[in-house]
Every structure is written in C-alpha cells, then in structure tokens.
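K.L.:
Provided herewith is a single structure, encoded as structure tokens, for subsequent inquiry.
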Amino acid sequence: MRKMIHRNLSLFLVIVFIITSFSGCSKSSKTDFNTTTTDTSGSNAKSNYTNSEPVVGAELPDNTAPLNDGTEAAADSSTGTSKAMEGLPELSDEAYGIENKKLLQEQESNEFNMEEYNAIVENNFVAVKNNPLSTFSIDVDTASYSNIRRMIKENRRVEPDAVRLEEMINYFNYDYTKPVFGEPFSINTELSDCPWNKDAKLLLVGLQAKDIDLRERPSSNIVFLLDVSGSMDEPDKLPLVQKAFLMLTENLNENDRISIVTYAGEDSIVLEGARGDETRKISSAIENLTAGGSTAGAAGIETAYELAEDYFIKGGNNRVILATDGDLNVGITSEGALTRLIEKKREKGVFLSVLGFGTENIKDNKMEALADNGNGNYSYIDSTLEAKKVLVDEMGGTLFTVAKDVKLQLEFNPSKIKGYRLIGYENRRLNTEDFDDDTKDAGEIGAGHRVTALYELIPVDSAQEVPETNLIYQSNETLSNSKDWLTINIRYKEPDQDKSERMTATVNDRTYKKQMSDNLTFASAVASFGMLLRDSKWKGTSSYNRILNQLDTLNIAGDEYKSEFVELVKAMKEIDD
C-alpha cells in the first residue's frame, strides 16, 4: 500500500478513505502536488500534498475499492480534487518518463496559472486614402520580452496576449546615431523589403536618446515600494527583489535619498530619507524583509508618493520604484481605479518605474497600466542577470528621464503608399488630434534609451490590395508631387516643462536600401519571432528557419542578449518540429 500511495497521485483519495476508516493506517510520504488556496485575509498560499506523477486518464486497478459518497464528497470539498483524477493505476518506474513529466507540468500550469494580461487586437493594414496619419506614443518598456523568455525556458505555452511586439523589439540595443548637442534624441530611418511579405516594404523609425555621465548625474530621491504580501513568498519573487535592490544601492552616493515602503495587509515605512552612502543601513533594511499577508497596494502607493514629495529634490530624479507581482487584493484593486490614482500622483513631478516579479500569479495588465500612467517604465525581472541589466547596466535609462510625453505622427504620401500597418504599439495608439494636444499623456524616454518602431508599407504599385472607402467630398485627382514617401513628426517635452517641442524627418527614395542594415535585420527577426508566437494573421512567410537564417548573417557574438535570443528561436524551432 505504501508503494502505491507514493507513486500514484489519485490514491490521495484512498488515503483519505483509509484515514477515516482505519485510524491505524495514517501513513505519509513526501510532498509534491501544489494547489492554490486562499486564506481569510485574501492572500494566496500553497498547500502541498504527497503523490508522484501520474498518467492522467488511466483506470483504477481492480483491487482498488471505490470510495463511498460521503468520503468522496468530503475529499472533493477539502482539496478541490476533481473526480476526473480518479482511476489511475500503479505504474512502474519506467512509466515516469519525460512525457509524463511534461504532461503533469502542463496540467499544473493550466490549473494554477492565474496570470493576467490585457487582450491585444493586432493592427490591421490601413488605407492611406482614408487615414493618411498614424499617431502613437513611444514605449520603452521591455517586460514582455523577459516574460516570454521565462515562459519558453519553463517549457510553457507562450500566452499570446503576453507578446507585445514593440517591447520585444525595444529590449535590444541598436547602433543608432547619437543626438546632436541640445536635442534629447536622434531620429534614424531605414527602408527595405519586408522579409515575410514580398508585396510590402519594411520601415524602421529609431530614436536614440542622449546619454548622461552617471558621475555627473542629478541627485536622486527614490522610494522603494516593495510588495511583501503572501503572494511574494516565492524564490523568484521577494528574494529576487532583495537582490535587485541591493544591486541598485551600490551606485548611490551621499547626495541621494532613499526611502523604503512595504505593503502587505497594510503599508509600513521601513526607511525614510536615508543618504545614499548609508549602504549598511539601506542593505540591512532590504535584507530583513519577509513576506506574508494580503496585498493593500493602493495604500502603499499613497505612502510612497507622500515620502517622495517630502524629500523632493528640485531638478533631481524623483521616482517611486514599485516591485510586485501585481496581485493587489485589498483597497483599490481594479486596473482603472489604480490608473486614476497614479494619474493624480504624477502631477507632483514624481515618476514611477514598475518591476514585475514571479510566475503563475503575475498581473501584467495592472503593472503595465501603472507604469504607462505614472510617467515611467515597466520591466519584468526573471533572473539576477535581468536585475543587473535593468538596475545597473541601464540605470540611466531606467531612472533618468530626458524627454516626456513623446509622440510620433507619420504622414504618408498617397502618391507613393496606398497602405500601411504599424507593428505592435496596439495599446499606444493615439487619436490624430492628440498629437498637438500638450495635455495628452504619452511615453517617456530615459537617458541612453532606444525606441524602435516598424511599419509594413504597401507601395502604390504593389499587388497587395488594401481596402479603402470611397469618399464623396474628396478626390484622387490632386495628389502630392513630392518625392517623399512620408514625413515623421515628433513632439516631446523636457522633463520639467509643460510645453512640447517638435522634430521632423522625411523618408524618400534615397532611404530605400535593397540590403538590410544590421539594425533592421535584427529588429525584423524579433518582430517575425513575435508574430509566430502570437500566431499573427500577418506573419506571412515567417518561420523559425527563416529567422535563424537572417540571424546567421549578423555578428552578434559580443552581445549576450542577442545571442540568447538566437537560442530562444532554436528552442521554439525544436518545439515546433
């Protein structure tokens, strides 16, 4: 009986029966099966049950007695165990192979995965005749890529709505020209043939923000807002949060001010206005954190912003850095209400960065909304290496804003282009009139950041058709004689200003190159990969082999992140094959 119990998950029900019927047979074995429960305070906890890995769907052995109705009901009620898990035979050691483990992992992932993502409705092709202007806000978030990387490494199905193409593309470095003195960023454009659509051209628009010398950087007033609720009590959550913030503290100095606010069932001020060079004091406060309780995130946000205002440094970097899995369940919890709260707080001149942690319970939708509306950026931390990338290697871009409310508006020439499609940025699109409206919020760009946007363009002589509507009061008789394909207009504000400035660039026949640059080759490979992961209807002839062939033409050996991308593509190719 002990051997059968140890090997077979379904025989947990037998254990219940034996315990209730024969008090002398209460035996136990090591824990293996996880089920999510909710305590009275609303926090998620894990209960561990002993069993090994079954083959789902097999029948009970003949010598296994059925449970009576009362016992079965009690088992179902107390453990949430489905009747579908009954009827599993004792298996030999050889039966517990790779396939069974994969099956169990998939079953557990589907049953306990409570991650949340906003639905993405992909951009379609738009007729220039009806919509000559395309307007959107920039996005420097990179959370989507590191989150997808985590899913692939865990051999999990990639959630289509987790795939935000612009964040995948913007995760990587590109060799763009630096801005001229006095401008916050440069504008880079490239035009070539689209790798997955023979009837289209592919346009790249790249912004390169100015860099800053961290030795001469403005002083920082930073509030660490740390989620220490019960849902953060996992190795890839609070312990990783602690490692990440300890890395950040190594780059602070005596002119910086650090505060720490934690929240669980209630918010708490752990550290207030410490000097940046008080390393031991700050480190001790971080290392002594423990997780437990429910998640009153809104209260923590209120307190964090109050501290940021109390220690506000004029002309400095005033910022709240929120570290959480996004599972707020006490007080203000809805995405809309949290967004409105953050919108009010940003008016005080305090920026917000959001760092996401963890698996199975991550609320990506809430964290993205908080960062977007808090004049900040959103990153997902899945490893110590990623924490180093975000908080050490790219510290300038993460913490120091060089331009805010950055908006792009492309005007297409109908004599050259009959249709276009913006790749990604679905939740960043703006109305035409928003471009000149300085009260309309848009994205921020940090020191050294790069922003890349791709468009599929359908030339007027292309065989691809783009649906358009005939307009009564407009005519095709008068078209522009300009040789420009399109004009790129950009509006931005200085970090401490409310009035926007304008920059302009054009794309014409001379911009087109038959041979793609390394920048466009890599960016298009990432876009193609993302479309395959989403199973996009616009993926065209994209394939993992084609992507790998593109990447083989590049020398990326010195870039560990691009090299890792190649390995992810290979991993997905093996799964697909």
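Just so we're on the same page: first chain in the structure tokens is A, next is B, and so on; residues restart at 1 for each chain, and ligands are numbered from 1 in the order they show up.
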Just the residues within 9 Å of Val392 of chain A, please, counting only C-alpha atoms, with nothing from its chain fewer than 4 positions along; format it as a ChimeraX atom specification.

P.N.:
/A:247-248,250-251,387-388,396

K.L.:
What's the 10 Å shell around Val350 of chain A, counting only C-alpha atoms, without same-chain residues fewer than 5 positions away, as a ChimeraX atom specification?

P.N.:
/A:221-222,305,308-309,312,317-320,345,374-376

K.L.:
Smallest atom-to-atom distance to Glu159 of chain A: which of A:Leu191, A:Asp236, A:Gly530, A:Ile381, using only C-alpha atoms?

P.N.:
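Once distances to Glu159 of chain A are computed over only C-alpha atoms, the minimum belongs to A:Gly530.
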
K.L.:
Residues at most 8 Å from segment 199-207 of chain A, counting only C-alpha atoms, excluding those fewer than 5 positions away in the same chain, as a PyMOL selection string?

P.N.:
chain A and resi 176+185-194+450-459+462-464+520

K.L.:
Could you write those residues out with N, CA and C atoms, as a CSV table (one decimal), in the first residue's frame?

P.N.:
chain,number,residue,atom,x,y,z
A,176,TYR,N,22.3,53.2,-33.4
A,176,TYR,CA,21.8,54.4,-34.0
A,176,TYR,C,22.7,55.5,-33.8
A,185,PHE,N,17.1,63.5,-28.4
A,185,PHE,CA,17.3,62.2,-29.1
A,185,PHE,C,17.5,62.4,-30.6
A,186,SER,N,18.0,61.4,-31.3
A,186,SER,CA,18.2,61.5,-32.7
A,186,SER,C,17.1,60.7,-33.4
A,187,ILE,N,16.8,60.9,-34.7
A,187,ILE,CA,15.8,60.2,-35.5
A,187,ILE,C,16.6,59.4,-36.5
A,188,ASN,N,16.4,58.1,-36.5
A,188,ASN,CA,17.0,57.2,-37.5
A,188,ASN,C,15.9,56.5,-38.3
A,189,THR,N,16.1,56.5,-39.7
A,189,THR,CA,15.1,55.8,-40.5
A,189,THR,C,15.8,54.9,-41.5
A,190,GLU,N,15.2,53.7,-41.8
A,190,GLU,CA,15.6,52.8,-42.7
A,190,GLU,C,14.5,52.2,-43.5
A,191,LEU,N,14.7,51.8,-44.7
A,191,LEU,CA,13.6,51.3,-45.6
A,191,LEU,C,14.2,50.2,-46.5
A,192,SER,N,13.5,49.0,-46.4
A,192,SER,CA,14.0,47.9,-47.2
A,192,SER,C,12.8,47.0,-47.6
A,193,ASP,N,13.1,45.8,-48.2
A,193,ASP,CA,12.0,44.9,-48.5
A,193,ASP,C,11.6,44.1,-47.2
A,194,CYS,N,10.3,43.8,-47.1
A,194,CYS,CA,9.8,43.1,-45.9
A,194,CYS,C,10.1,41.6,-46.0
A,450,ARG,N,16.8,53.5,-26.4
A,450,ARG,CA,16.5,53.5,-27.8
A,450,ARG,C,15.0,53.1,-28.0
A,451,VAL,N,14.4,53.7,-28.9
A,451,VAL,CA,13.0,53.3,-29.2
A,451,VAL,C,12.9,53.0,-30.7
A,452,THR,N,12.3,51.8,-31.0
A,452,THR,CA,12.2,51.4,-32.4
A,452,THR,C,10.8,51.1,-32.8
A,453,ALA,N,10.4,51.6,-33.9
A,453,ALA,CA,9.0,51.2,-34.4
A,453,ALA,C,9.2,50.7,-35.9
A,454,LEU,N,8.4,49.7,-36.2
A,454,LEU,CA,8.4,49.1,-37.6
A,454,LEU,C,7.0,49.3,-38.2
A,455,TYR,N,7.0,49.6,-39.5
A,455,TYR,CA,5.8,49.7,-40.3
A,455,TYR,C,6.0,48.8,-41.5
A,456,GLU,N,4.9,48.1,-41.9
A,456,GLU,CA,4.8,47.5,-43.2
A,456,GLU,C,4.2,48.5,-44.1
A,457,LEU,N,4.8,48.8,-45.2
A,457,LEU,CA,4.3,49.8,-46.2
A,457,LEU,C,3.9,49.1,-47.5
A,458,ILE,N,2.7,49.4,-48.0
A,458,ILE,CA,2.3,48.8,-49.3
A,458,ILE,C,2.4,49.9,-50.4
A,459,PRO,N,3.4,49.9,-51.2
A,459,PRO,CA,3.6,50.9,-52.3
A,459,PRO,C,2.4,50.9,-53.2
A,462,SER,N,2.1,48.0,-55.6
A,462,SER,CA,2.1,46.6,-55.1
A,462,SER,C,0.9,45.8,-55.5
A,463,ALA,N,1.1,44.5,-55.6
A,463,ALA,CA,-0.1,43.6,-55.9
A,463,ALA,C,-1.0,43.5,-54.7
A,464,GLN,N,-0.5,43.7,-53.5
A,464,GLN,CA,-1.4,43.6,-52.3
A,464,GLN,C,-2.5,44.7,-52.3
A,520,LEU,N,18.1,46.7,-39.0
A,520,LEU,CA,16.8,46.3,-39.5
A,520,LEU,C,16.7,44.8,-39.6

K.L.:
Just asking: which residues within segment 497-541 of chain A are helix (DSSP H, G or I) according to DSSP, as a compact mmCIF listing (two decimals) with C-alpha atoms, in the first residue's frame?

P.N.:
# COMPACT_ATOMS: atom_id res chain seq x y z
CA ASP A 509 13.51 57.06 -52.48
CA ARG A 510 17.08 57.56 -51.25
CA THR A 511 16.17 55.98 -47.91
CA ASP A 518 22.19 45.00 -39.22
CA ASN A 519 19.72 47.09 -37.22
CA LEU A 520 16.77 46.33 -39.49
CA THR A 521 17.82 42.70 -39.98
CA PHE A 522 17.76 42.02 -36.25
CA ALA A 523 14.66 44.11 -35.48
CA SER A 524 12.69 42.39 -38.25
CA ALA A 525 13.81 38.96 -36.95
CA VAL A 526 12.45 39.83 -33.49
CA ALA A 527 9.18 41.08 -34.99
CA SER A 528 8.85 37.93 -37.07
CA PHE A 529 9.50 35.77 -34.00
CA GLY A 530 6.84 37.63 -32.03
CA MET A 531 4.29 37.19 -34.81
CA LEU A 532 4.95 33.44 -34.80
CA LEU A 533 4.47 33.31 -31.02
CA ARG A 534 1.18 35.19 -31.41

K.L.:
Measuring between only C-alpha atoms, which one of A:Ala299, A:Leu252, A:Ala323, A:Leu399 shows the shortest distance to Ser268 of chain A?

P.N.:
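Going through A:Ala299, A:Leu252, A:Ala323, A:Leu399 one by one, the smallest distance to Ser268 of chain A is for A:Ala299.
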
K.L.:
As JSON, numbers by chain, which residues of segment 216-363 of chain A does DSSP assign to strand (DSSP E or B)?

P.N.:
{"A": [220, 221, 222, 223, 224, 225, 226, 227, 257, 258, 259, 260, 261, 262, 263, 267, 268, 269, 270, 271, 272, 273, 274, 275, 317, 318, 319, 320, 321, 322, 323, 324, 351, 352, 353, 354, 355, 356, 357, 363]}

K.L.:
For each of A:Leu554, A:Leu240, A:Leu307, A:Ile490, take the minimum atom-to-atom distance to Gln409 of chain A, counting only C-alpha atoms, then give the residue where this is smallest.

P.N.:
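Smallest separation from Gln409 of chain A among the options: A:Ile490.
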
K.L.:
Show which residues sit within 8 Å of segment 420-429 of chain A, as a list in words. Count only C-alpha atoms, and ignore same-chain residues fewer than 2 positions away.

P.N.:
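These residues fall inside the cut-off: Ile120, Val121, Glu122, Asn123, Asn124, Phe125, Val126, Ala127, Val128, Thr135, Phe136, Ser137, Ile138, Asp139, Arg164, Leu165, Glu166, Ile417, Lys418, Asn431, Ala453, Leu454, Tyr455, Glu456, Leu457, Ile458 and Ala527 of chain A.
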
K.L.:
May I ask for the distance between atom CA of Asn377 of chain A and atom CA of Asp161 of chain A, given in Å to one decimal place?

P.N.:
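Atom CA of Asn377 of chain A sits 18.8 Å away from atom CA of Asp161 of chain A.
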
K.L.:
Which distance in Å separates atom CA of Phe435 of chain A and atom CA of Ala403 of chain A, to one decimal?

P.N.:
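Atom-to-atom, atom CA of Phe435 of chain A and atom CA of Ala403 of chain A are spaced 15.4 Å apart.
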
K.L.:
Using Å and a single decimal, report how far atom CA of Gly419 of chain A sits from atom CA of Val466 of chain A.

P.N.:
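A separation of 6.0 Å between them.
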
K.L.:
Using only C-alpha atoms for the distances, tell me which of A:Val566, A:Ile282, A:Tyr561, A:Tyr311 is nearest to Leu548 of chain A.

P.N.:
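Checking each candidate against Leu548 of chain A, we get A:Val566 as the closest.
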
K.L.:
For Thr142 of chain A, which residue out of A:Ser379, A:Thr401, A:Ser353, A:Asn481 is the nearest one, using only C-alpha atoms?

P.N.:
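Under the stated criterion, the closest residue is A:Ser379.
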